[in-house]
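Dropping start_33.cif in here (mmCIF, C-alpha atoms):
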data_target
#
loop_
_atom_site.label_atom_id
_atom_site.label_comp_id
_atom_site.auth_asym_id
_atom_site.auth_seq_id
_atom_site.Cartn_x
_atom_site.Cartn_y
_atom_site.Cartn_z
CA MET A 1 68.79 59.84 39.03
CA ARG A 2 70.99 62.19 37.00
CA GLY A 3 72.10 65.76 37.44
CA GLU A 4 74.90 68.01 38.44
CA PRO A 5 75.26 68.42 41.33
CA VAL A 6 72.73 66.31 43.20
CA SER A 7 73.18 66.14 46.96
CA TYR A 8 72.74 62.90 48.88
CA ALA A 9 69.57 64.27 50.50
CA ASP A 10 68.06 65.07 47.09
CA ALA A 11 69.27 61.81 45.54
CA ILE A 12 67.59 59.53 48.07
CA ARG A 13 64.26 61.29 47.49
CA GLY A 14 64.56 60.79 43.73
CA THR A 15 63.04 58.22 41.43
CA PHE A 16 65.24 55.30 40.42
CA ALA A 17 64.78 52.99 37.44
CA PRO A 18 66.12 49.44 37.11
CA ILE A 19 69.33 49.03 35.13
CA GLN A 20 70.77 45.89 33.55
CA VAL A 21 74.40 44.87 33.12
CA GLY A 22 75.75 46.61 30.03
CA ASP A 23 73.15 49.41 29.94
CA PRO A 24 74.55 52.89 29.26
CA TRP A 25 74.05 55.05 32.31
CA GLY A 26 75.38 58.55 31.87
CA PRO A 27 76.64 61.07 29.34
CA PRO A 28 80.33 62.12 29.59
CA TRP A 29 81.22 64.31 32.58
CA SER A 30 77.91 63.64 34.28
CA THR A 31 76.92 62.16 37.63
CA THR A 32 74.34 59.41 38.03
CA TRP A 33 73.01 58.07 41.33
CA PHE A 34 72.22 54.36 41.74
CA HIS A 35 70.18 52.83 44.56
CA VAL A 36 71.67 49.39 45.24
CA ARG A 37 69.37 46.96 47.02
CA GLY A 38 69.42 43.23 47.50
CA ARG A 39 69.48 40.39 49.96
CA VAL A 40 72.31 38.07 50.90
CA PRO A 41 71.04 34.46 50.88
CA GLU A 42 70.84 32.77 54.28
CA SER A 43 72.96 29.94 52.88
CA TRP A 44 75.88 32.40 52.62
CA ALA A 45 75.91 33.13 56.37
CA GLY A 46 79.44 33.14 57.76
CA ARG A 47 81.04 33.74 54.35
CA ARG A 48 82.82 36.88 53.22
CA VAL A 49 80.39 38.56 50.83
CA VAL A 50 81.13 41.52 48.56
CA ALA A 51 79.20 43.58 46.02
CA SER A 52 81.25 43.82 42.82
CA PHE A 53 80.90 46.63 40.26
CA ASP A 54 82.10 47.36 36.75
CA LEU A 55 80.80 50.79 35.84
CA GLY A 56 82.40 50.59 32.40
CA PHE A 57 85.98 51.21 33.43
CA ASP A 58 88.22 52.02 30.47
CA GLY A 59 91.56 53.53 31.29
CA PRO A 60 93.53 54.73 34.29
CA THR A 61 91.98 55.71 37.61
CA GLY A 62 90.61 59.26 37.47
CA PHE A 63 89.88 59.21 33.74
CA THR A 64 87.17 56.61 33.60
CA CYS A 65 84.04 55.82 35.55
CA GLU A 66 84.27 56.07 39.31
CA ALA A 67 81.82 56.23 42.18
CA LEU A 68 81.42 57.08 45.83
CA ALA A 69 79.31 54.62 47.82
CA TRP A 70 77.05 56.12 50.48
CA LYS A 71 75.63 54.12 53.39
CA ASP A 72 73.48 55.40 56.24
CA GLY A 73 73.75 58.96 54.89
CA LYS A 74 77.56 59.04 54.94
CA PRO A 75 80.29 58.50 52.36
CA TRP A 76 81.38 54.87 52.72
CA ARG A 77 83.90 53.75 50.09
CA GLY A 78 85.17 54.58 46.63
CA VAL A 79 84.65 52.41 43.53
CA ASP A 80 87.17 52.72 40.70
CA PRO A 81 89.18 50.43 38.40
CA ASN A 82 91.43 49.48 41.34
CA HIS A 83 88.63 49.10 43.91
CA ARG A 84 85.70 47.31 42.26
CA TRP A 85 84.09 45.66 45.26
CA LEU A 86 82.41 46.70 48.50
CA PRO A 87 82.36 44.44 51.56
CA LEU A 88 78.93 43.56 52.92
CA ASP A 89 78.87 43.33 56.70
CA GLU A 90 76.99 40.26 57.95
CA SER A 91 76.33 41.99 61.27
CA GLU A 92 74.05 44.45 59.45
CA GLY A 93 71.72 41.63 58.43
CA PRO A 94 70.92 40.08 55.08
CA ASP A 95 69.44 43.22 53.47
CA VAL A 96 71.73 45.28 51.25
CA ASP A 97 70.80 48.96 50.80
CA PHE A 98 73.17 51.73 49.76
CA TYR A 99 73.70 54.36 47.07
CA LEU A 100 76.40 54.96 44.46
CA GLU A 101 77.17 58.47 43.25
CA ALA A 102 78.83 57.60 39.93
CA ALA A 103 80.82 59.90 37.64
CA ALA A 104 81.04 59.14 33.90
CA ASN A 105 84.48 60.51 33.10
CA PRO A 106 85.58 59.90 29.51
CA ARG A 107 89.14 58.84 28.87
CA ALA A 108 91.27 61.97 28.49
CA THR A 109 94.13 62.41 26.04
CA GLU A 110 97.20 60.80 27.56
CA GLN A 111 99.72 62.60 25.33
CA GLY A 112 99.85 64.77 22.25
CA PRO A 113 97.56 67.47 20.93
CA GLU A 114 94.56 65.26 20.07
CA PRO A 115 91.26 66.09 21.76
CA ALA A 116 89.81 63.65 24.27
CA ARG A 117 87.65 60.92 22.73
CA ARG A 118 83.90 61.23 23.23
#

Entire entry expressed as structure tokens:
Amino acid sequence: MRGEPVSYADAIRGTFAPIQVGDPWGPPWSTTWFHVRGRVPESWAGRRVVASFDLGFDGPTGFTCEALAWKDGKPWRGVDPNHRWLPLDESEGPDVDFYLEAAANPRATEQGPEPARR
């Protein structure tokens, strides 16, 4: 679900489409919501399990893609080039279900008069 701004309440009522690794997901300076769902295999019980993300990071934190993970209706954790994974809590059961509010921030000019790349 895309838009600007889209509240959590509106986002979770929206329609979501599957996305594959490498698919483009948002125009520059836009926000896209992802619904992340899955299941941790029973054979992984007792292991430390994380969900890992690469939203297309290219550049320093703050001028690239970044996201805020939402779980149970509350902000949970940030995802950026320095924090690419989210811990999955075994005590919550094998089902994974949360949302990412992702920002597609293009790399800004780091120095000089050139305009930011598109």

**Asked** Between A:Glu42, A:Thr31, A:Pro18, A:Pro24, which has the minimum distance to A:Pro5 (counting all atoms listed in the file)?
**Response** A:Thr31

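Going from atom CA of A:Pro94 over to atom CA of A:Pro81, you cover 26.8 Å.
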
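Atom CA of A:Phe16 is found 19.8 Å from atom CA of A:Pro28.
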
**Asked** Written as a PyMOL selection string, which residues does the PyMOL selection byres ((chain A and resi 65) around 8) give for the file shown?
**Response** chain A and resi 55-58+62-64+66-67+80-81+102-106

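Summary of the local environment: counting only C-alpha atoms, residues at most 12 Å from A:Ser91, other than itself and those fewer than 5 positions away along its chain, are A:Val40, A:Ala45, A:Gly46, A:Arg47, A:Arg48, A:Val49, A:Val96.
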
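Nearest residue to A:Ser52 among A:Arg77, A:Val36, A:Gln20, A:Trp85 is A:Trp85, counting only C-alpha atoms.
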
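Coordinates place atom CA of A:Asp97 at a distance of 6.8 Å from atom CA of A:Gly38.
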
**Message:** Which residues are near A:Tyr8? Cut-off 10 Å, only C-alpha atoms, ignore same chain within fewer than 5 positions. Put them as an NGL selection string.
**Reply:** :A and (13-14 or 33 or 70 or 73-75 or 99-101)

For the residues in that selection, give me C-alpha atoms as a compact mmCIF listing (two decimals), in the frame of the given file.
# COMPACT_ATOMS: atom_id res chain seq x y z
CA ARG A 13 64.26 61.29 47.49
CA GLY A 14 64.56 60.79 43.73
CA TRP A 33 73.01 58.07 41.33
CA TRP A 70 77.05 56.12 50.48
CA GLY A 73 73.75 58.96 54.89
CA LYS A 74 77.56 59.04 54.94
CA PRO A 75 80.29 58.50 52.36
CA TYR A 99 73.70 54.36 47.07
CA LEU A 100 76.40 54.96 44.46
CA GLU A 101 77.17 58.47 43.25

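Distances to A:Ala9 were evaluated for A:His83, A:Gly22, A:Glu90, A:Asp72 using all atoms listed in the file, and the minimum falls at A:Asp72.
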
Please return the centre and edge lengths, in Å to one decimal, of a box with edges along x, y and z that contains all listed atoms of stretch 13-20 of chain A, widened by 5 Å on every side, as lines of an AutoDock Vina configuration file.
center_x = 66.9
center_y = 53.6
center_z = 40.5
size_x = 17.7
size_y = 25.4
size_z = 23.9

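Residue nearest A:Trp25, chosen from A:Gly93, A:Asp54, A:Asp10, A:Gly78 and counting only C-alpha atoms: A:Asp54.
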
**Message:** Could you list, as a ChimeraX atom specification, every residue matched by the PyMOL selection byres ((chain A and resi 51) around 7) in this structure?
**Reply:** /A:50,52-53,85-88

Same residues, C-alpha atoms, output as a short mmCIF file (atom, residue, chain, number, x, y, z; two decimals), in the frame of the given file:
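Once written, again36.cif looks like this:
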data_model
loop_
_atom_site.label_atom_id
_atom_site.label_comp_id
_atom_site.auth_asym_id
_atom_site.auth_seq_id
_atom_site.Cartn_x
_atom_site.Cartn_y
_atom_site.Cartn_z
CA VAL A 50 81.13 41.52 48.56
CA SER A 52 81.25 43.82 42.82
CA PHE A 53 80.90 46.63 40.26
CA TRP A 85 84.09 45.66 45.26
CA LEU A 86 82.41 46.70 48.50
CA PRO A 87 82.36 44.44 51.56
CA LEU A 88 78.93 43.56 52.92
#
